[in-house]
Structures are given as structure tokens and as C-alpha cells.
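Text of the file my_file-v1.pdb, holding PDB, C-alpha atoms:
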```pdb
ATOM      1  CA  ILE A   5      37.242  90.836 -96.927  1.00  0.00           C
ATOM      2  CA  CYS A   6      40.685  89.879 -98.205  1.00  0.00           C
ATOM      3  CA  CYS A   7      39.832  86.189 -97.896  1.00  0.00           C
ATOM      4  CA  ASP A   8      36.590  86.709 -99.831  1.00  0.00           C
ATOM      5  CA  LEU A   9      38.460  88.596-102.549  1.00  0.00           C
ATOM      6  CA  ASP A  10      41.135  85.921-102.832  1.00  0.00           C
ATOM      7  CA  ALA A  11      38.452  83.236-103.058  1.00  0.00           C
ATOM      8  CA  PHE A  12      36.619  85.184-105.745  1.00  0.00           C
ATOM      9  CA  LEU A  13      39.778  85.694-107.814  1.00  0.00           C
ATOM     10  CA  ASP A  14      40.532  81.970-107.634  1.00  0.00           C
ATOM     11  CA  ALA A  15      36.963  81.118-108.648  1.00  0.00           C
ATOM     12  CA  ASP A  16      37.037  83.670-111.459  1.00  0.00           C
ATOM     13  CA  GLU A  17      40.310  82.272-112.780  1.00  0.00           C
ATOM     14  CA  ALA A  18      38.838  78.759-112.798  1.00  0.00           C
ATOM     15  CA  PHE A  19      35.700  80.048-114.523  1.00  0.00           C
ATOM     16  CA  ARG A  20      37.708  81.756-117.264  1.00  0.00           C
ATOM     17  CA  ALA A  21      39.808  78.618-117.730  1.00  0.00           C
ATOM     18  CA  GLY A  22      36.594  76.820-118.671  1.00  0.00           C
ATOM     19  CA  GLY A  23      36.513  78.511-122.067  1.00  0.00           C
ATOM     20  CA  VAL A  24      35.874  82.208-121.452  1.00  0.00           C
ATOM     21  CA  THR A  25      38.005  84.272-123.823  1.00  0.00           C
ATOM     22  CA  GLY A  26      37.259  87.723-122.452  1.00  0.00           C
ATOM     23  CA  THR A  27      34.889  90.127-120.750  1.00  0.00           C
ATOM     24  CA  LEU A  28      32.861  92.228-123.182  1.00  0.00           C
ATOM     25  CA  ALA A  29      31.219  94.550-120.681  1.00  0.00           C
ATOM     26  CA  THR A  30      30.783  95.397-117.040  1.00  0.00           C
ATOM     27  CA  GLU A  31      27.646  97.234-115.964  1.00  0.00           C
ATOM     28  CA  LEU A  32      26.013  96.734-119.367  1.00  0.00           C
ATOM     29  CA  THR A  33      23.311  99.409-119.295  1.00  0.00           C
ATOM     30  CA  PHE A  34      20.137  99.116-121.341  1.00  0.00           C
ATOM     31  CA  GLY A  35      17.236 101.537-121.617  1.00  0.00           C
ATOM     32  CA  LEU A  36      18.683 104.004-119.103  1.00  0.00           C
ATOM     33  CA  PRO A  37      20.010 107.535-119.663  1.00  0.00           C
ATOM     34  CA  ALA A  38      23.677 106.707-119.222  1.00  0.00           C
ATOM     35  CA  PRO A  39      26.821 106.842-121.373  1.00  0.00           C
ATOM     36  CA  ASN A  40      27.117 103.835-123.719  1.00  0.00           C
ATOM     37  CA  SER A  41      23.608 102.665-122.813  1.00  0.00           C
ATOM     38  CA  ILE A  42      21.891 100.518-125.415  1.00  0.00           C
ATOM     39  CA  GLY A  43      18.147 100.550-126.021  1.00  0.00           C
ATOM     40  CA  ALA A  44      15.628  98.968-123.704  1.00  0.00           C
ATOM     41  CA  VAL A  45      15.055  95.239-124.075  1.00  0.00           C
ATOM     42  CA  GLU A  46      11.787  94.642-125.931  1.00  0.00           C
ATOM     43  CA  ILE A  47       9.979  91.433-125.037  1.00  0.00           C
ATOM     44  CA  ALA A  48       7.136  90.279-127.256  1.00  0.00           C
ATOM     45  CA  LEU A  49       4.347  88.654-125.252  1.00  0.00           C
ATOM     46  CA  GLY A  50       3.052  86.702-128.239  1.00  0.00           C
ATOM     47  CA  ASP A  51      -0.320  88.438-128.345  1.00  0.00           C
ATOM     48  CA  GLY A  52       0.625  91.729-129.968  1.00  0.00           C
ATOM     49  CA  ARG A  53       1.814  93.385-126.771  1.00  0.00           C
ATOM     50  CA  THR A  54       5.413  94.262-126.017  1.00  0.00           C
ATOM     51  CA  VAL A  55       7.089  94.991-122.695  1.00  0.00           C
ATOM     52  CA  ARG A  56      10.158  97.234-122.629  1.00  0.00           C
ATOM     53  CA  VAL A  57      12.627  96.549-119.814  1.00  0.00           C
ATOM     54  CA  ARG A  58      15.588  98.590-118.646  1.00  0.00           C
ATOM     55  CA  GLY A  59      18.417  97.883-116.231  1.00  0.00           C
ATOM     56  CA  LYS A  60      22.087  96.972-115.843  1.00  0.00           C
ATOM     57  CA  ALA A  61      23.817  93.606-116.164  1.00  0.00           C
ATOM     58  CA  ASP A  62      26.913  93.240-114.004  1.00  0.00           C
ATOM     59  CA  ARG A  63      29.116  91.404-116.498  1.00  0.00           C
ATOM     60  CA  VAL A  64      29.052  89.913-119.979  1.00  0.00           C
ATOM     61  CA  ASP A  65      31.688  87.415-121.137  1.00  0.00           C
ATOM     62  CA  ARG A  66      32.179  85.476-124.345  1.00  0.00           C
ATOM     63  CA  ARG A  67      33.235  81.847-124.671  1.00  0.00           C
ATOM     64  CA  ALA A  68      35.532  80.600-127.407  1.00  0.00           C
ATOM     65  CA  ASP A  69      32.553  79.195-129.328  1.00  0.00           C
ATOM     66  CA  GLY A  70      30.830  82.611-129.341  1.00  0.00           C
ATOM     67  CA  THR A  71      28.409  81.898-126.496  1.00  0.00           C
ATOM     68  CA  LEU A  72      27.593  84.978-124.433  1.00  0.00           C
ATOM     69  CA  VAL A  73      27.716  84.515-120.667  1.00  0.00           C
ATOM     70  CA  VAL A  74      25.948  87.028-118.433  1.00  0.00           C
ATOM     71  CA  ILE A  75      26.704  87.232-114.708  1.00  0.00           C
ATOM     72  CA  ASP A  76      24.716  88.942-111.970  1.00  0.00           C
ATOM     73  CA  TYR A  77      26.665  89.138-108.722  1.00  0.00           C
ATOM     74  CA  LYS A  78      24.865  88.512-105.432  1.00  0.00           C
ATOM     75  CA  THR A  79      26.246  89.124-101.939  1.00  0.00           C
ATOM     76  CA  GLY A  80      23.350  87.593-100.012  1.00  0.00           C
ATOM     77  CA  SER A  81      22.138  84.067 -99.470  1.00  0.00           C
ATOM     78  CA  GLU A  82      21.571  81.691-102.345  1.00  0.00           C
ATOM     79  CA  ARG A  83      18.787  79.867-100.485  1.00  0.00           C
ATOM     80  CA  SER A  84      15.815  81.203-102.457  1.00  0.00           C
ATOM     81  CA  TYR A  85      17.635  80.764-105.784  1.00  0.00           C
ATOM     82  CA  LYS A  86      18.479  77.072-105.491  1.00  0.00           C
ATOM     83  CA  VAL A  87      15.162  76.103-107.105  1.00  0.00           C
ATOM     84  CA  LEU A  88      16.212  77.807-110.352  1.00  0.00           C
ATOM     85  CA  THR A  89      16.953  75.390-113.191  1.00  0.00           C
ATOM     86  CA  HIS A  90      16.659  75.324-116.953  1.00  0.00           C
ATOM     87  CA  ASP A  91      13.277  73.615-116.531  1.00  0.00           C
ATOM     88  CA  GLU A  92      12.163  76.087-113.823  1.00  0.00           C
ATOM     89  CA  PRO A  93      13.896  79.284-114.966  1.00  0.00           C
ATOM     90  CA  VAL A  94      11.764  82.037-113.402  1.00  0.00           C
ATOM     91  CA  THR A  95      10.081  80.372-110.378  1.00  0.00           C
ATOM     92  CA  ALA A  96       6.566  81.686-110.950  1.00  0.00           C
ATOM     93  CA  GLY A  97       7.816  85.097-111.998  1.00  0.00           C
ATOM     94  CA  THR A  98       9.902  85.774-108.880  1.00  0.00           C
ATOM     95  CA  HIS A  99      13.242  85.595-110.718  1.00  0.00           C
ATOM     96  CA  LEU A 100      13.072  87.339-114.098  1.00  0.00           C
ATOM     97  CA  GLN A 101      16.545  88.880-114.311  1.00  0.00           C
ATOM     98  CA  LEU A 102      18.532  86.179-116.088  1.00  0.00           C
ATOM     99  CA  PRO A 103      16.516  85.986-119.336  1.00  0.00           C
ATOM    100  CA  VAL A 104      16.323  89.790-119.519  1.00  0.00           C
ATOM    101  CA  TYR A 105      20.092  90.110-119.098  1.00  0.00           C
ATOM    102  CA  ALA A 106      20.677  87.472-121.777  1.00  0.00           C
ATOM    103  CA  TYR A 107      18.453  89.414-124.195  1.00  0.00           C
ATOM    104  CA  ALA A 108      20.377  92.614-123.418  1.00  0.00           C
ATOM    105  CA  ALA A 109      23.700  90.858-124.051  1.00  0.00           C
ATOM    106  CA  ARG A 110      22.443  89.584-127.397  1.00  0.00           C
ATOM    107  CA  ALA A 111      21.277  93.071-128.339  1.00  0.00           C
ATOM    108  CA  ALA A 112      24.703  94.504-127.508  1.00  0.00           C
ATOM    109  CA  PHE A 113      27.030  91.776-128.756  1.00  0.00           C
ATOM    110  CA  GLY A 114      25.122  89.353-130.963  1.00  0.00           C
ATOM    111  CA  VAL A 115      21.851  88.629-132.701  1.00  0.00           C
ATOM    112  CA  PRO A 116      18.544  87.284-131.334  1.00  0.00           C
ATOM    113  CA  ASP A 117      19.595  83.657-131.792  1.00  0.00           C
ATOM    114  CA  THR A 118      23.136  83.991-130.408  1.00  0.00           C
ATOM    115  CA  LYS A 119      23.669  81.266-127.832  1.00  0.00           C
ATOM    116  CA  ALA A 120      23.564  82.772-124.338  1.00  0.00           C
ATOM    117  CA  GLU A 121      23.873  81.637-120.755  1.00  0.00           C
ATOM    118  CA  ALA A 122      23.039  83.603-117.617  1.00  0.00           C
ATOM    119  CA  TYR A 123      24.050  83.035-114.003  1.00  0.00           C
ATOM    120  CA  TYR A 124      23.713  84.442-110.530  1.00  0.00           C
ATOM    121  CA  TRP A 125      27.168  84.382-108.921  1.00  0.00           C
ATOM    122  CA  PHE A 126      27.043  84.362-105.117  1.00  0.00           C
ATOM    123  CA  VAL A 127      30.203  85.916-103.735  1.00  0.00           C
ATOM    124  CA  GLY A 128      31.318  86.077-100.103  1.00  0.00           C
ATOM    125  CA  ARG A 129      29.150  83.896 -97.931  1.00  0.00           C
ATOM    126  CA  GLY A 130      27.713  82.372-101.114  1.00  0.00           C
ATOM    127  CA  LYS A 131      31.145  80.752-101.592  1.00  0.00           C
ATOM    128  CA  ASN A 132      31.190  81.652-105.295  1.00  0.00           C
ATOM    129  CA  LEU A 133      28.308  79.359-106.146  1.00  0.00           C
ATOM    130  CA  ARG A 134      26.840  79.972-109.602  1.00  0.00           C
ATOM    131  CA  ILE A 135      23.200  79.238-110.347  1.00  0.00           C
ATOM    132  CA  GLY A 136      21.822  79.659-113.853  1.00  0.00           C
ATOM    133  CA  TYR A 137      21.187  78.083-117.220  1.00  0.00           C
ATOM    134  CA  GLU A 138      21.286  78.443-120.983  1.00  0.00           C
ATOM    135  CA  VAL A 139      18.641  80.901-122.172  1.00  0.00           C
ATOM    136  CA  ASP A 140      17.250  78.965-125.129  1.00  0.00           C
ATOM    137  CA  GLU A 141      13.881  78.655-126.851  1.00  0.00           C
ATOM    138  CA  SER A 142      12.295  76.657-124.039  1.00  0.00           C
ATOM    139  CA  VAL A 143      13.315  79.305-121.504  1.00  0.00           C
ATOM    140  CA  ASP A 144      12.046  82.013-123.858  1.00  0.00           C
ATOM    141  CA  GLU A 145       8.648  80.333-123.971  1.00  0.00           C
ATOM    142  CA  VAL A 146       8.367  79.997-120.188  1.00  0.00           C
ATOM    143  CA  PHE A 147       9.575  83.557-119.693  1.00  0.00           C
ATOM    144  CA  ALA A 148       7.120  85.066-122.197  1.00  0.00           C
ATOM    145  CA  THR A 149       4.199  83.054-120.804  1.00  0.00           C
ATOM    146  CA  THR A 150       5.046  84.089-117.254  1.00  0.00           C
ATOM    147  CA  LEU A 151       5.510  87.732-118.155  1.00  0.00           C
ATOM    148  CA  ARG A 152       2.228  87.716-120.074  1.00  0.00           C
ATOM    149  CA  GLY A 153       0.468  86.401-116.976  1.00  0.00           C
ATOM    150  CA  ILE A 154       2.059  89.098-114.824  1.00  0.00           C
ATOM    151  CA  VAL A 155       1.084  91.848-117.265  1.00  0.00           C
ATOM    152  CA  ASP A 156      -2.467  90.495-117.458  1.00  0.00           C
ATOM    153  CA  GLY A 157      -2.682  90.677-113.686  1.00  0.00           C
ATOM    154  CA  ILE A 158      -1.322  94.220-113.560  1.00  0.00           C
ATOM    155  CA  GLU A 159      -3.769  95.383-116.210  1.00  0.00           C
ATOM    156  CA  ALA A 160      -6.624  93.750-114.278  1.00  0.00           C
ATOM    157  CA  GLY A 161      -5.511  95.249-110.956  1.00  0.00           C
ATOM    158  CA  VAL A 162      -4.716  91.867-109.383  1.00  0.00           C
ATOM    159  CA  PHE A 163      -2.006  92.189-106.716  1.00  0.00           C
ATOM    160  CA  PRO A 164      -2.503  89.338-104.216  1.00  0.00           C
ATOM    161  CA  ALA A 165      -0.257  88.974-101.186  1.00  0.00           C
ATOM    162  CA  VAL A 166       1.017  85.405-100.821  1.00  0.00           C
ATOM    163  CA  PRO A 167       2.175  85.046 -97.216  1.00  0.00           C
ATOM    164  CA  ALA A 168       4.117  82.199 -95.710  1.00  0.00           C
ATOM    165  CA  GLU A 169       2.080  79.804 -93.602  1.00  0.00           C
ATOM    166  CA  PRO A 170       2.146  80.926 -89.965  1.00  0.00           C
ATOM    167  CA  ALA A 171       5.089  79.396 -88.125  1.00  0.00           C
ATOM    168  CA  PRO A 172       7.738  80.442 -85.600  1.00  0.00           C
ATOM    169  CA  THR A 173      10.532  82.279 -87.415  1.00  0.00           C
ATOM    170  CA  PRO A 174      13.477  84.412 -86.257  1.00  0.00           C
ATOM    171  CA  PHE A 175      13.095  86.912 -89.099  1.00  0.00           C
ATOM    172  CA  ILE A 176      10.465  88.597 -91.267  1.00  0.00           C
ATOM    173  CA  ALA A 177      10.585  87.122 -94.772  1.00  0.00           C
ATOM    174  CA  CYS A 178       7.999  89.501 -96.235  1.00  0.00           C
ATOM    175  CA  HIS A 179       7.364  92.891 -94.627  1.00  0.00           C
ATOM    176  CA  PHE A 180       4.239  93.375 -96.739  1.00  0.00           C
ATOM    177  CA  CYS A 181       2.767  90.112 -95.416  1.00  0.00           C
ATOM    178  CA  ASP A 182       3.926  90.714 -91.841  1.00  0.00           C
ATOM    179  CA  PRO A 183       4.116  94.508 -91.405  1.00  0.00           C
ATOM    180  CA  ASP A 184       3.972  94.506 -87.588  1.00  0.00           C
ATOM    181  CA  GLY A 185       6.316  91.543 -87.114  1.00  0.00           C
ATOM    182  CA  MET A 186       3.624  89.637 -85.234  1.00  0.00           C
ATOM    183  CA  GLY A 187       3.229  86.815 -87.743  1.00  0.00           C
ATOM    184  CA  THR A 188       1.250  86.050 -90.886  1.00  0.00           C
ATOM    185  CA  THR A 189      -1.885  84.520 -89.341  1.00  0.00           C
ATOM    186  CA  ASP A 190      -4.275  87.231 -90.555  1.00  0.00           C
ATOM    187  CA  ARG A 191      -2.762  87.425 -94.028  1.00  0.00           C
ATOM    188  CA  TRP A 192      -2.791  83.622 -94.266  1.00  0.00           C
ATOM    189  CA  ARG A 193      -6.505  83.500 -93.504  1.00  0.00           C
ATOM    190  CA  GLU A 194      -7.124  86.130 -96.164  1.00  0.00           C
ATOM    191  CA  TRP A 195      -5.089  84.061 -98.649  1.00  0.00           C
ATOM    192  CA  GLN A 196      -7.129  80.966 -97.799  1.00  0.00           C
ATOM    193  CA  ARG A 197     -10.305  82.910 -98.470  1.00  0.00           C
ATOM    194  CA  LYS A 198      -9.146  84.466-101.738  1.00  0.00           C
ATOM    195  CA  PHE A 199      -7.155  81.637-103.312  1.00  0.00           C
ATOM    196  CA  GLY A 200     -10.002  80.134-105.338  1.00  0.00           C
ATOM    197  CA  ALA A 201     -11.342  83.456-106.629  1.00  0.00           C
ATOM    198  CA  PRO A 202     -11.861  83.438-110.426  1.00  0.00           C
ATOM    199  CA  GLU A 203      -9.965  86.727-110.643  1.00  0.00           C
ATOM    200  CA  LEU A 204      -6.826  84.841-109.549  1.00  0.00           C
ATOM    201  CA  GLU A 205      -7.004  82.158-112.226  1.00  0.00           C
ATOM    202  CA  GLY A 206      -4.148  83.689-114.198  1.00  0.00           C
ATOM    203  CA  PHE A 207      -2.077  84.168-111.079  1.00  0.00           C
ATOM    204  CA  ARG A 208      -2.563  80.540-110.020  1.00  0.00           C
ATOM    205  CA  ALA A 209      -1.542  79.428-113.513  1.00  0.00           C
ATOM    206  CA  LEU A 210       1.876  81.045-113.109  1.00  0.00           C
ATOM    207  CA  SER A 211       3.130  78.127-111.091  1.00  0.00           C
ATOM    208  CA  ALA A 212       2.092  74.593-110.291  1.00  0.00           C
ATOM    209  CA  ALA A 213       3.940  75.120-107.007  1.00  0.00           C
ATOM    210  CA  LEU A 214       1.070  77.242-105.670  1.00  0.00           C
ATOM    211  CA  VAL A 215      -0.892  74.938-103.397  1.00  0.00           C
ATOM    212  CA  ASP A 216      -4.434  75.644-102.270  1.00  0.00           C
ATOM    213  CA  PRO A 217      -3.888  76.716 -98.632  1.00  0.00           C
ATOM    214  CA  LEU A 218      -7.185  75.148 -97.551  1.00  0.00           C
ATOM    215  CA  THR A 219      -6.187  71.771 -99.029  1.00  0.00           C
ATOM    216  CA  GLU A 220      -2.781  72.133 -97.415  1.00  0.00           C
ATOM    217  CA  ALA A 221      -4.353  72.880 -94.046  1.00  0.00           C
ATOM    218  CA  VAL A 222      -6.544  69.756 -94.254  1.00  0.00           C
ATOM    219  CA  ALA A 223      -3.534  67.616 -95.192  1.00  0.00           C
ATOM    220  CA  ASP A 224      -1.575  69.000 -92.228  1.00  0.00           C
ATOM    221  CA  ALA A 225      -4.484  68.218 -89.901  1.00  0.00           C
ATOM    222  CA  ARG A 226      -4.402  64.573 -90.984  1.00  0.00           C
TER     223      ARG A 226
END
```
File written out as C-alpha cells:
Amino acid sequence: ICCDLDAFLDADEAFRAGGVTGTLATELTFGLPAPNSIGAVEIALGDGRTVRVRGKADRVDRRADGTLVVIDYKTGSERSYKVLTHDEPVTAGTHLQLPVYAYAARAAFGVPDTKAEAYYWFVGRGKNLRIGYEVDESVDEVFATTLRGIVDGIEAGVFPAVPAEPAPTPFIACHFCDPDGMGTTDRWREWQRKFGAPELEGFRALSAALVDPLTEAVADAR
């Protein structure tokens, strides 16, 4: 633990030396009944609907140029986050925290167009790796489109399980897809059967990374 703490302090010192002038908040609370909580983050979906989000952001800093920097600490593996980039900021709706935290930081310490960055900071075994991006207009557009697709699905009652393709694995990646720990074969067959359903059109549109499992199976057979 002491080694992890020393490594974090060194990494934090180097991070601050890169232009951070101070920490504005820790545990920035929004939309929750807590002391010093600000209002919920309101996200316009672009079609007249608004989603209100609440939560806590671990840390908010400010750079010398006024840029707000939001940090969300993680103690687990960074493996599933490595695909996050400015061009792929929410990975089909599976990582929505960073834009929301940036909006909360702007609400607390800036205005809607204040420049903001947001990062996951992987401490401990993550070796203080930071993964994130600037939350700008292009990210806003992707985020709103993705959230609109998710809300459409919720309102329509669409909650598909997307299991991993059956394969030997030492752990259970998704307990909903593999509740008995015996593998995802049954759920995978169901996913193959349901993938092309018209009710899932919006869900499929969330990400070009979703591959038709039947097409994938044929390609594997070749």
C-alpha cells in the first residue's frame, strides 16, 4: 500500500506540474441530497427531451488557462477502458461518466462552453495510467446521440443481453449472461436469433462495433 501511495503522489506531482494550478473540489456532488450539492446535470437529447443525471465526481482541477479537469479514480483494471478516445468517447454507451462529470464541473465552476477535460485515473495496479479526452462539441454530439438511443430503448422496453462468444475463460465477465458459470452458449444462440430484429435497430445503431453474430460465426468457420 505504501508503495502504491508513493507512486500516486509522484504521479500526482507530475500531473500538477503540467499546468494544474489547484484542486477546486473533491467529491463534487450533483443532484444528491448532500451538503454543498449542486443541481442535477440536465442533458438535452436534441428532440425536446431532457435527462437529469446525479452523482459524484472524485476530483475537479483547474489549469492555468482556465480549463477544468475532472478525474475519476479507478482501482481496478484499465483493460476495458483502453478503447476510449476522443473519437470513441462512450464506447456504445458503456462508458458515460466522463462527459457527465465534465458537465457537472462546468455547472459548478464555469459556464456551458468552458473548456473541460475528463479522465479515468487508474491507481494501484493501474500504475497511474490516465485515460480520457477533452469534452468538446464533437464529444457532446456523440454523447447526446448515444444517450438518446439508450433512452429510446428504455422507453420501448428493449433490454437485450449481449453475451461474449462462447470460449474457455477463467472468470465470469457478465453474471447476467452467464448466471450459472457454465458458459454463454445458450445466451449466444439467443443473441444470434435476436440480433436482426427490427426492434433492435436503435440498439445496433449505437455502435458500429456490434457485429452480426451469425456473420461472425460464418467467418470463423471459414
Please write the residues picked by the PyMOL selection byres ((chain A and resi 154) around 12) on this file as an MDAnalysis selection string. chainID A and resid 49 55 96:98 100 147:153 155:164 204:211
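Put simply, atom CA of A:Ala120 is 9.7 Å away from atom CA of A:Arg67.
The gap separating atom CA of A:Glu169 from atom CA of A:Leu102 is 28.6 Å, in Å to one decimal.
Minimum distance to A:Val24 across A:Glu194, A:Glu82, A:Pro39, A:Val73 (counting only C-alpha atoms) occurs at A:Val73.
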For the PyMOL selection byres ((chain A and resi 173) around 12), applied here, can you spell out every residue it catches as a list in words? Ala168, Glu169, Pro170, Ala171, Pro172, Pro174, Phe175, Ile176, Ala177, Cys178, Asp182, Gly185, Met186, Gly187 and Thr188 of chain A
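Compared by their closest atoms to A:Asp117, and using only C-alpha atoms, the residues A:Val45, A:Ala18, A:Leu36, A:Leu72 rank with A:Leu72 nearest.
From atom CA of A:Ala106 back to atom CA of A:Asp14, the distance works out to 25.0 Å.
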Around the point (14.3, 72.1, -114.8) (coordinates from the file), which residues reach within 12 Å if we count all atoms listed in the file? Answer as a PyMOL selection string. chain A and resi 86-95+136-138+142-143+146
Just want the 8 Å neighbourhood of A:Ala112, counted on all atoms listed in the file, with same-chain residues fewer than 3 positions away dropped. Output as a ChimeraX atom specification. /A:42,108-109
Do you know which residues are at most 12 Å from A:Asn40 counting only C-alpha atoms, after dropping those on the same chain fewer than 6 positions away, and could you put them as a count of residues only? 8
Edge lengths and centre in Å, axis-aligned, stretch 129-142 of chain A plus 6 Å each side, as AutoDock Vina command-line options:
```
--center_x 21.7 --center_y 80.3 --center_z -112.4 --size_x 30.9 --size_y 19.2 --size_z 40.9
```
Result set of the PyMOL selection byres ((chain A and resi 74) around 7) on the coordinates above, as a PyMOL selection string: chain A and resi 63-65+72-73+75-76+105-106+121-123
Find the residues near A:Ala68: any atom within 9 Å, counting only C-alpha atoms, skip ones fewer than 6 places away on the same chain, and give them as a ChimeraX atom specification. /A:23-26
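In terms of minimum interatomic distance to A:Val139, A:Val104 ranks closest within A:Cys7, A:Ala165, A:Gly114, A:Val104, counting all atoms listed in the file.
Of the residues under consideration (A:Tyr107, A:Phe199, A:Phe113, A:Trp125), A:Trp125 shows the shortest atom-to-atom contact distance to A:Asp16 when counting all atoms listed in the file.
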